[in-house]
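What's in run-v7.cif: mmCIF, N, CA, C and O atoms
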data_work
#
loop_
_atom_site.label_atom_id
_atom_site.label_comp_id
_atom_site.auth_asym_id
_atom_site.auth_seq_id
_atom_site.Cartn_x
_atom_site.Cartn_y
_atom_site.Cartn_z
N MET A 3 -23.97 -22.84 -14.62
CA MET A 3 -22.66 -22.91 -14.01
C MET A 3 -22.83 -23.29 -12.54
O MET A 3 -23.66 -22.74 -11.85
N THR A 4 -22.03 -24.21 -12.08
CA THR A 4 -22.13 -24.65 -10.69
C THR A 4 -21.44 -23.67 -9.78
O THR A 4 -20.67 -22.80 -10.23
N MET A 5 -21.70 -23.80 -8.48
CA MET A 5 -21.09 -22.90 -7.49
C MET A 5 -19.57 -23.05 -7.49
O MET A 5 -18.85 -22.07 -7.37
N ILE A 6 -19.08 -24.26 -7.67
CA ILE A 6 -17.63 -24.50 -7.65
C ILE A 6 -16.96 -23.76 -8.80
O ILE A 6 -15.97 -23.06 -8.62
N SER A 7 -17.50 -23.87 -10.01
CA SER A 7 -16.86 -23.20 -11.14
C SER A 7 -17.01 -21.68 -11.04
O SER A 7 -16.14 -20.95 -11.50
N MET A 8 -18.09 -21.18 -10.43
CA MET A 8 -18.23 -19.74 -10.24
C MET A 8 -17.17 -19.23 -9.27
O MET A 8 -16.57 -18.19 -9.51
N ASN A 9 -16.91 -19.94 -8.18
CA ASN A 9 -15.88 -19.53 -7.23
C ASN A 9 -14.50 -19.57 -7.86
O ASN A 9 -13.67 -18.71 -7.61
N ALA A 10 -14.26 -20.59 -8.69
CA ALA A 10 -12.97 -20.70 -9.35
C ALA A 10 -12.76 -19.53 -10.31
O ALA A 10 -11.67 -18.99 -10.42
N ALA A 11 -13.83 -19.11 -10.98
CA ALA A 11 -13.73 -18.00 -11.92
C ALA A 11 -13.50 -16.68 -11.19
O ALA A 11 -12.85 -15.78 -11.71
N GLN A 12 -14.03 -16.53 -9.99
CA GLN A 12 -13.87 -15.29 -9.24
C GLN A 12 -12.52 -15.21 -8.55
O GLN A 12 -12.08 -14.13 -8.22
N GLY A 13 -11.86 -16.32 -8.32
CA GLY A 13 -10.59 -16.35 -7.62
C GLY A 13 -9.55 -15.39 -8.16
O GLY A 13 -9.02 -14.56 -7.42
N PRO A 14 -9.24 -15.47 -9.44
CA PRO A 14 -8.20 -14.58 -9.99
C PRO A 14 -8.59 -13.11 -9.88
O PRO A 14 -7.75 -12.26 -9.60
N PHE A 15 -9.87 -12.80 -10.09
CA PHE A 15 -10.31 -11.41 -10.01
C PHE A 15 -10.23 -10.89 -8.58
O PHE A 15 -9.87 -9.73 -8.36
N ALA A 16 -10.55 -11.73 -7.63
CA ALA A 16 -10.46 -11.33 -6.22
C ALA A 16 -9.01 -11.06 -5.84
O ALA A 16 -8.71 -10.10 -5.13
N ARG A 17 -8.10 -11.89 -6.34
CA ARG A 17 -6.67 -11.68 -6.05
C ARG A 17 -6.16 -10.40 -6.70
O ARG A 17 -5.39 -9.66 -6.11
N ILE A 18 -6.62 -10.13 -7.92
CA ILE A 18 -6.21 -8.89 -8.60
C ILE A 18 -6.74 -7.69 -7.84
O ILE A 18 -6.02 -6.71 -7.62
N ALA A 19 -8.00 -7.76 -7.40
CA ALA A 19 -8.59 -6.64 -6.65
C ALA A 19 -7.83 -6.42 -5.35
O ALA A 19 -7.57 -5.27 -4.97
N ALA A 20 -7.47 -7.49 -4.67
CA ALA A 20 -6.72 -7.37 -3.41
C ALA A 20 -5.35 -6.76 -3.66
O ALA A 20 -4.90 -5.90 -2.91
N ALA A 21 -4.69 -7.18 -4.73
CA ALA A 21 -3.38 -6.62 -5.06
C ALA A 21 -3.48 -5.13 -5.39
O ALA A 21 -2.62 -4.34 -5.00
N LEU A 22 -4.54 -4.74 -6.07
CA LEU A 22 -4.73 -3.32 -6.39
C LEU A 22 -4.99 -2.50 -5.13
O LEU A 22 -4.52 -1.37 -5.02
N ARG A 23 -5.73 -3.07 -4.17
CA ARG A 23 -5.97 -2.36 -2.91
C ARG A 23 -4.66 -2.16 -2.14
O ARG A 23 -4.41 -1.08 -1.60
N VAL A 24 -3.81 -3.18 -2.11
CA VAL A 24 -2.52 -3.07 -1.43
C VAL A 24 -1.66 -2.02 -2.13
O VAL A 24 -1.04 -1.18 -1.48
N TRP A 25 -1.63 -2.07 -3.47
CA TRP A 25 -0.84 -1.10 -4.23
C TRP A 25 -1.31 0.33 -3.93
O TRP A 25 -0.49 1.23 -3.71
N GLN A 26 -2.63 0.54 -3.92
CA GLN A 26 -3.18 1.86 -3.66
C GLN A 26 -2.84 2.34 -2.25
O GLN A 26 -2.46 3.50 -2.05
N HIS A 27 -2.95 1.45 -1.28
CA HIS A 27 -2.63 1.81 0.10
C HIS A 27 -1.16 2.21 0.22
O HIS A 27 -0.84 3.22 0.85
N ARG A 28 -0.28 1.45 -0.39
CA ARG A 28 1.15 1.78 -0.35
C ARG A 28 1.44 3.10 -1.06
O ARG A 28 2.25 3.90 -0.58
N ARG A 29 0.77 3.35 -2.18
CA ARG A 29 0.97 4.59 -2.92
C ARG A 29 0.54 5.79 -2.07
O ARG A 29 1.25 6.80 -1.99
N GLU A 30 -0.60 5.66 -1.40
CA GLU A 30 -1.09 6.74 -0.54
C GLU A 30 -0.18 6.96 0.66
O GLU A 30 0.11 8.10 1.03
N THR A 31 0.29 5.87 1.26
CA THR A 31 1.18 5.97 2.42
C THR A 31 2.48 6.65 2.03
O THR A 31 2.97 7.54 2.72
N ARG A 32 3.04 6.23 0.89
CA ARG A 32 4.29 6.82 0.40
C ARG A 32 4.10 8.32 0.16
O ARG A 32 4.94 9.14 0.56
N ALA A 33 3.00 8.71 -0.46
CA ALA A 33 2.73 10.12 -0.76
C ALA A 33 2.59 10.93 0.53
O ALA A 33 3.13 12.04 0.64
N GLU A 34 1.86 10.39 1.50
CA GLU A 34 1.67 11.11 2.76
C GLU A 34 3.00 11.30 3.49
O GLU A 34 3.27 12.39 4.01
N LEU A 35 3.81 10.27 3.55
CA LEU A 35 5.10 10.39 4.23
C LEU A 35 6.03 11.35 3.50
O LEU A 35 6.78 12.09 4.13
N ASN A 36 5.99 11.35 2.18
CA ASN A 36 6.84 12.25 1.41
C ASN A 36 6.43 13.71 1.56
O ASN A 36 7.24 14.61 1.33
N ARG A 37 5.19 13.97 1.95
CA ARG A 37 4.74 15.35 2.19
C ARG A 37 5.26 15.91 3.51
O ARG A 37 5.26 17.12 3.71
N LEU A 38 5.71 15.05 4.41
CA LEU A 38 6.21 15.52 5.70
C LEU A 38 7.57 16.19 5.55
O LEU A 38 8.36 15.83 4.69
N THR A 39 7.84 17.15 6.43
CA THR A 39 9.15 17.81 6.44
C THR A 39 10.15 16.89 7.14
O THR A 39 9.78 15.92 7.80
N GLU A 40 11.42 17.23 7.00
CA GLU A 40 12.47 16.45 7.68
C GLU A 40 12.23 16.45 9.19
O GLU A 40 12.43 15.44 9.86
N ARG A 41 11.83 17.59 9.71
CA ARG A 41 11.59 17.69 11.15
C ARG A 41 10.42 16.80 11.58
O ARG A 41 10.49 16.14 12.61
N GLU A 42 9.34 16.81 10.80
CA GLU A 42 8.19 15.96 11.13
C GLU A 42 8.55 14.48 11.07
O GLU A 42 8.14 13.70 11.93
N LEU A 43 9.33 14.11 10.06
CA LEU A 43 9.78 12.72 9.97
C LEU A 43 10.64 12.36 11.18
O LEU A 43 10.49 11.29 11.77
N ASN A 44 11.54 13.28 11.55
CA ASN A 44 12.40 13.04 12.70
C ASN A 44 11.58 12.89 13.98
O ASN A 44 11.88 12.06 14.83
N ASP A 45 10.50 13.66 14.11
CA ASP A 45 9.63 13.58 15.29
C ASP A 45 9.00 12.19 15.44
O ASP A 45 8.74 11.75 16.56
N ILE A 46 8.75 11.52 14.33
CA ILE A 46 8.17 10.18 14.41
C ILE A 46 9.23 9.08 14.26
O ILE A 46 8.90 7.90 14.10
N GLY A 47 10.48 9.50 14.30
CA GLY A 47 11.58 8.53 14.29
C GLY A 47 11.93 7.97 12.93
O GLY A 47 12.44 6.86 12.82
N LEU A 48 11.69 8.74 11.88
CA LEU A 48 12.00 8.30 10.53
C LEU A 48 12.89 9.29 9.81
O LEU A 48 12.97 10.46 10.19
N CYS A 49 13.53 8.83 8.76
CA CYS A 49 14.22 9.70 7.82
C CYS A 49 13.72 9.33 6.43
O CYS A 49 13.04 8.32 6.25
N ARG A 50 14.03 10.14 5.44
CA ARG A 50 13.53 9.88 4.07
C ARG A 50 13.91 8.49 3.58
O ARG A 50 13.14 7.85 2.88
N ALA A 51 15.09 8.04 3.94
CA ALA A 51 15.55 6.72 3.48
C ALA A 51 14.71 5.58 4.05
O ALA A 51 14.67 4.49 3.48
N ASP A 52 14.01 5.82 5.15
CA ASP A 52 13.18 4.79 5.77
C ASP A 52 11.83 4.62 5.10
O ASP A 52 11.16 3.60 5.30
N ILE A 53 11.40 5.58 4.33
CA ILE A 53 10.03 5.58 3.80
C ILE A 53 9.76 4.34 2.95
O ILE A 53 8.76 3.64 3.17
N GLU A 54 10.58 4.04 1.99
CA GLU A 54 10.30 2.92 1.09
C GLU A 54 10.27 1.59 1.85
O GLU A 54 9.41 0.76 1.60
N THR A 55 11.19 1.41 2.77
CA THR A 55 11.20 0.18 3.58
C THR A 55 9.90 0.06 4.39
O THR A 55 9.29 -1.01 4.42
N LEU A 56 9.50 1.15 4.99
CA LEU A 56 8.28 1.16 5.78
C LEU A 56 7.06 0.88 4.91
O LEU A 56 6.19 0.08 5.28
N VAL A 57 7.02 1.47 3.73
CA VAL A 57 5.88 1.28 2.82
C VAL A 57 5.80 -0.17 2.36
O VAL A 57 4.72 -0.75 2.29
N GLN A 58 6.92 -0.77 2.06
CA GLN A 58 6.92 -2.16 1.59
C GLN A 58 6.46 -3.14 2.67
O GLN A 58 5.92 -4.19 2.36
N LYS A 59 6.66 -2.77 3.93
CA LYS A 59 6.21 -3.63 5.04
C LYS A 59 4.72 -3.48 5.30
O LYS A 59 4.11 -4.33 5.93
N SER A 60 4.13 -2.36 4.86
CA SER A 60 2.71 -2.13 5.13
C SER A 60 1.86 -2.89 4.13
O SER A 60 2.29 -3.25 3.05
N ALA A 61 0.61 -3.09 4.53
CA ALA A 61 -0.30 -3.81 3.63
C ALA A 61 -1.63 -3.12 3.50
O ALA A 61 -2.00 -2.26 4.18
#

Just dump the structure as structure tokens.
Amino acid sequence: MTMISMNAAQGPFARIAAALRVWQHRRETRAELNRLTERELNDIGLCRADIETLVQKSA
């Protein structure tokens, strides 16, 4: 197998791995923010309704 075809074969797997890393990071961020109390969220300038928007912007 040539180097070009090996890179082409790895492309989809690398993209899937990257997508899984982003998904995991967002899942962890969402969980951490949901563990905070209303007061703690308020201290950092957030409310519960802001969590999902914030998580979707993170990578």

Requested in this report: Step by step, work through what the PyMOL selection byres (((chain A and resi 29 and name CA) around 12) and name CA) selects in the shown file, and finish by giving those residues as a ChimeraX atom specification.
Outcome: /A:22-28,30-36,53-54,56-58,60-61

Query - Per-residue DSSP, chain A, filtered to alpha helix (DSSP H), as an MDAnalysis selection string - result: chainID A and resid 5:37 40:45 52:59

Query - Point-to-point distance in Å for atom O of Arg17 (chain A) and CA of Arg37 (chain A) - result: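 Interatomic distance here is 28.2 Å.
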
Edge lengths and centre in Å, axis-aligned, region 30-37 of chain A plus 5 Å each side, as lines of an AutoDock Vina configuration file:
center_x = 3.1
center_y = 11.4
center_z = 1.4
size_x = 18.3
size_y = 21.5
size_z = 15.6

Report task. Calculate how many Å separate CA of Ala19 (chain A) from atom C of Asp52 (chain A), rounding to one decimal. Result ->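 Taking CA of Ala19 (chain A) and atom C of Asp52 (chain A), their separation equals 26.1 Å.
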
Requested in this report: Would you list the contacts of Thr39 (chain A) as an MDAnalysis selection string, taking every protein, DNA or RNA residue within 7 Å and counting only N, CA, C and O atoms, but skipping same-chain residues closer than 5 positions in sequence?
Outcome: chainID A and resid 44:45 48

Report task. Go ahead and compute the interatomic distance for CA of Ala20 (chain A) and atom C of Lys59 (chain A), in Å to one decimal. Result ->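 Separating CA of Ala20 (chain A) from atom C of Lys59 (chain A) is a distance of 14.9 Å.
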